[in-house]
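A.B. asks: Can you read through this structure? Questions will come right after.
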Amino acid sequence: MEPVRVLIADDQPLVREGLRATLAQADGIRIVGEACDGLDAVRLAQATRPRVVLMDIRMPGLDGLEATQRLCGPDGVPGVRIIMLTMFDQDEHVFAALRAGAGGFLLKDVPGEKIVEAVRVVAAGDALLAPAVTRRLIAEFARRPTVTPASAAALDGLTARETDVWKLLVRGYGNEEIARLLSLGESTVKSHVQHLYQKLGVRDRVQLVIHAYECGLLRPGVAMTSAERMS
């Protein structure tokens with residue numbers, strides 16, 4: 001198996017050095033470059049084609065948010081996954097970063113093994129959020145206005161089974177659990193998930209969660225009913 005190619009982007013040399021030292025000791029991870037700002041990150045990512053970018057959200061010039069938008073956009077790097085790093089668990093850009101395409105969001109003070117784990121999780125196509133970030137994401141939607149008909153229209157193109165899978169997926173169920181609850185094969189669940197990505201135009205499960213709130217599939221503070229669990 002090829003190692004996970006990682007690019008580090010942070011304007012602080014000591015932070016880059018710490019991340020490099022941590023990741024260099026991990027099996028199956030290869031550091032392909034280090035960037036000191038967002039422009040450098042975009043340039044190096046386009047040149048080295050990493051699987052994962054550890055991206056500081058606050059950098060001079062082009063910040064991590066704009067760099068993420070460029071890398072995850074139509075003219076970006078295909079397949080790249082972004083883990084946003086910040087010193088602040090109340091960063092006002094959390095939602096924007098996730099909406100831009102970030103697949104993970106971690107605080108810089110997490111232990112080194114958590115950084116390694118995050119790289120592996122995000123590289124595998126899953127999403128990873130610190131608990132504080134998840135709480136902030138939900139709070140963001142709690143402050144937003146009622147869902148509009150235009151945003152709810154996103155549900156119209158889905159089959160009933162795709163909607164069932166989506167409801168369970170965005171509440172944290174894994175493919176194996178969804179297959180058991182809906183009496184489906186795990187490969188069928190994976191197929192439904194891919195269809196959701198394609199139909200909704202999202203990259204990963206984080207964006208599926210965001211989209212679920214935006215179109216009214218989920219509402220902050222409303223728990224899933226037993227009927228939903230078994231739908």
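Each chain in the structure tokens gets a letter, A, B and so on, in the order shown; residues start at 1 in every chain, and ligands are counted from 1 in the order they appear.
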If we count only C-alpha atoms, what is near Pro3 of chain A at a cut-off of 7 Å, once residues fewer than 2 positions away on the same chain are taken out, given as a compact mmCIF listing (two decimals) with all heavy atoms, in the first residue's frame?
C.D. replies:
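Below is the file that was written, out_36.txt:
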# COMPACT_ATOMS: atom_id res chain seq x y z
N MET A 1 0.84 -1.20 0.00
CA MET A 1 0.00 0.00 0.00
C MET A 1 0.87 1.25 0.00
O MET A 1 1.84 1.35 0.76
CB MET A 1 -0.92 0.00 1.24
CG MET A 1 -1.85 1.21 1.31
SD MET A 1 -2.90 1.18 2.78
CE MET A 1 -3.82 -0.34 2.47
N ARG A 5 0.25 10.66 1.31
CA ARG A 5 1.06 11.84 1.01
C ARG A 5 0.45 13.06 1.72
O ARG A 5 -0.72 13.37 1.53
CB ARG A 5 1.11 12.07 -0.50
CG ARG A 5 1.74 10.92 -1.26
CD ARG A 5 1.50 11.01 -2.76
NE ARG A 5 2.00 12.24 -3.33
CZ ARG A 5 3.27 12.45 -3.67
NH1 ARG A 5 4.16 11.49 -3.48
NH2 ARG A 5 3.65 13.59 -4.20
N GLY A 28 3.38 4.56 7.22
CA GLY A 28 2.42 4.75 6.14
C GLY A 28 2.09 6.19 5.83
O GLY A 28 1.10 6.47 5.16
N ILE A 29 2.91 7.14 6.30
CA ILE A 29 2.69 8.54 6.02
C ILE A 29 3.98 9.14 5.47
O ILE A 29 5.06 8.93 6.00
CB ILE A 29 2.26 9.31 7.29
CG1 ILE A 29 0.87 8.84 7.73
CG2 ILE A 29 2.25 10.83 7.03
CD1 ILE A 29 0.38 9.49 9.02
N ARG A 30 3.84 9.91 4.40
CA ARG A 30 4.99 10.55 3.77
C ARG A 30 4.73 12.04 3.61
O ARG A 30 3.73 12.43 3.01
CB ARG A 30 5.26 9.92 2.40
CG ARG A 30 6.40 10.59 1.63
CD ARG A 30 6.48 10.04 0.23
NE ARG A 30 7.41 10.79 -0.60
CZ ARG A 30 7.47 10.70 -1.93
NH1 ARG A 30 6.65 9.87 -2.56
NH2 ARG A 30 8.33 11.42 -2.62
A.B. asks: Show which residues sit within 12 Å of Arg51 of chain A, as a VMD selection string. Count only C-alpha atoms, and ignore same-chain residues fewer than 5 positions away.
C.D. replies: chain A and resid 2 to 8 29 to 33 45 to 46 71 to 72 77 to 83 103 119 to 125
A.B. asks: Which distance in Å separates atom CA of Ile178 of chain A and atom CA of Thr159 of chain A, to one decimal?
C.D. replies: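 Here the two named atoms are 16.1 Å from each other.
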A.B. asks: Between A:Val206, A:Ala97, A:Leu158, A:Met84, single out the one closest to Val170 of chain A, counting only C-alpha atoms.
C.D. replies: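 Between A:Val206, A:Ala97, A:Leu158, A:Met84, the residue approaching Val170 of chain A most closely is A:Val206.
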A.B. asks: Show which residues sit within 9 Å of Val202 of chain A, as a PyMOL selection string. Count only C-alpha atoms, and ignore same-chain residues fewer than 6 positions away.
C.D. replies: chain A and resi 101+196+208+211
A.B. asks: One number please: atom CA of Gly185 of chain A to atom CA of Asp156 of chain A, in Å, one decimal.
C.D. replies: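 So the two atoms, atom CA of Gly185 of chain A and atom CA of Asp156 of chain A, lie 24.7 Å apart.
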A.B. asks: What does the distance between atom CA of Gly73 of chain A and atom CA of Cys36 of chain A come to in Å, to one decimal place?
C.D. replies: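 Between atom CA of Gly73 of chain A and atom CA of Cys36 of chain A the gap is 21.1 Å.
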A.B. asks: Got a sec to tell me which of segment 68-100 of chain A DSSP assigns to strand (DSSP E or B), as number ranges by chain?
C.D. replies: A: 81-86
A.B. asks: Report as a count of residues only all protein, DNA and RNA residues lying within 7 Å of segment 9-24 of chain A, evaluated on only C-alpha atoms, omitting residues in the same chain fewer than 3 positions from it.
C.D. replies: 12
A.B. asks: From a DSSP pass on the backbone, collect the residues of segment 22-71 of chain A flagged as helix (DSSP H, G or I) and hand them back as a list in words.
C.D. replies: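 Across segment 22-71 of chain A, those assigned helix (DSSP H, G or I) are Thr22, Leu23, Ala24, Gly38, Leu39, Asp40, Ala41, Val42, Arg43, Leu44, Ala45, Gln46, Ala47, Thr48, Gly64, Leu65, Glu66, Ala67, Thr68, Gln69, Arg70 and Leu71 of chain A.
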A.B. asks: Produce a file of the selected residues containing C-alpha atoms, as a PDB file, in the first residue's frame.
C.D. replies:
ATOM      1  CA  THR A  22       5.084  13.741  14.664  1.00  0.00           C
ATOM      2  CA  LEU A  23       4.165  12.506  11.204  1.00  0.00           C
ATOM      3  CA  ALA A  24       7.691  11.387  10.297  1.00  0.00           C
ATOM      4  CA  GLY A  38      -2.129  29.800   1.666  1.00  0.00           C
ATOM      5  CA  LEU A  39      -0.645  30.691  -1.706  1.00  0.00           C
ATOM      6  CA  ASP A  40       2.333  28.471  -1.027  1.00  0.00           C
ATOM      7  CA  ALA A  41      -0.028  25.671   0.038  1.00  0.00           C
ATOM      8  CA  VAL A  42      -2.023  25.876  -3.202  1.00  0.00           C
ATOM      9  CA  ARG A  43       1.142  25.980  -5.305  1.00  0.00           C
ATOM     10  CA  LEU A  44       2.772  23.034  -3.526  1.00  0.00           C
ATOM     11  CA  ALA A  45      -0.424  20.987  -3.506  1.00  0.00           C
ATOM     12  CA  GLN A  46      -0.802  21.402  -7.240  1.00  0.00           C
ATOM     13  CA  ALA A  47       2.828  20.339  -7.699  1.00  0.00           C
ATOM     14  CA  THR A  48       2.980  17.422  -5.238  1.00  0.00           C
ATOM     15  CA  GLY A  64      -6.405  28.588   5.039  1.00  0.00           C
ATOM     16  CA  LEU A  65     -10.075  29.084   4.256  1.00  0.00           C
ATOM     17  CA  GLU A  66      -9.455  30.593   0.822  1.00  0.00           C
ATOM     18  CA  ALA A  67      -6.715  28.044   0.121  1.00  0.00           C
ATOM     19  CA  THR A  68      -9.162  25.251   0.959  1.00  0.00           C
ATOM     20  CA  GLN A  69     -11.769  26.704  -1.382  1.00  0.00           C
ATOM     21  CA  ARG A  70      -9.232  26.781  -4.210  1.00  0.00           C
ATOM     22  CA  LEU A  71      -7.908  23.271  -3.599  1.00  0.00           C
TER      23      LEU A  71
END
A.B. asks: With distances taken over only C-alpha atoms, which residue among A:Val52, A:Leu184, A:Val209, A:Leu217 lies nearest Arg171 of chain A?
C.D. replies: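 Using only C-alpha atoms, Arg171 of chain A sits closest to A:Val209.
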A.B. asks: Determine the nearest neighbour of Gln207 of chain A from the options A:Ile115, A:Leu106, A:Leu169, A:Leu155, counting only C-alpha atoms.
C.D. replies: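 Closest to Gln207 of chain A, using only C-alpha atoms: A:Leu169.
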A.B. asks: Of the candidates A:Asp126, A:Glu117, A:Glu177, A:Val189, which one gets nearest to Val165 of chain A if we count only C-alpha atoms?
C.D. replies: A:Val189
A.B. asks: Using only C-alpha atoms, pick whichever of A:Lys108, A:Ile210, A:Pro50, A:Lys199 has the shortest atom-to-atom distance to Thr163 of chain A.
C.D. replies: A:Lys199
A.B. asks: Rank nothing, just name the residue among A:Glu186, A:Gln194, A:Arg49, A:Asp109 nearest to Trp166 of chain A, using only C-alpha atoms.
C.D. replies: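 Nearest to Trp166 of chain A: A:Gln194.
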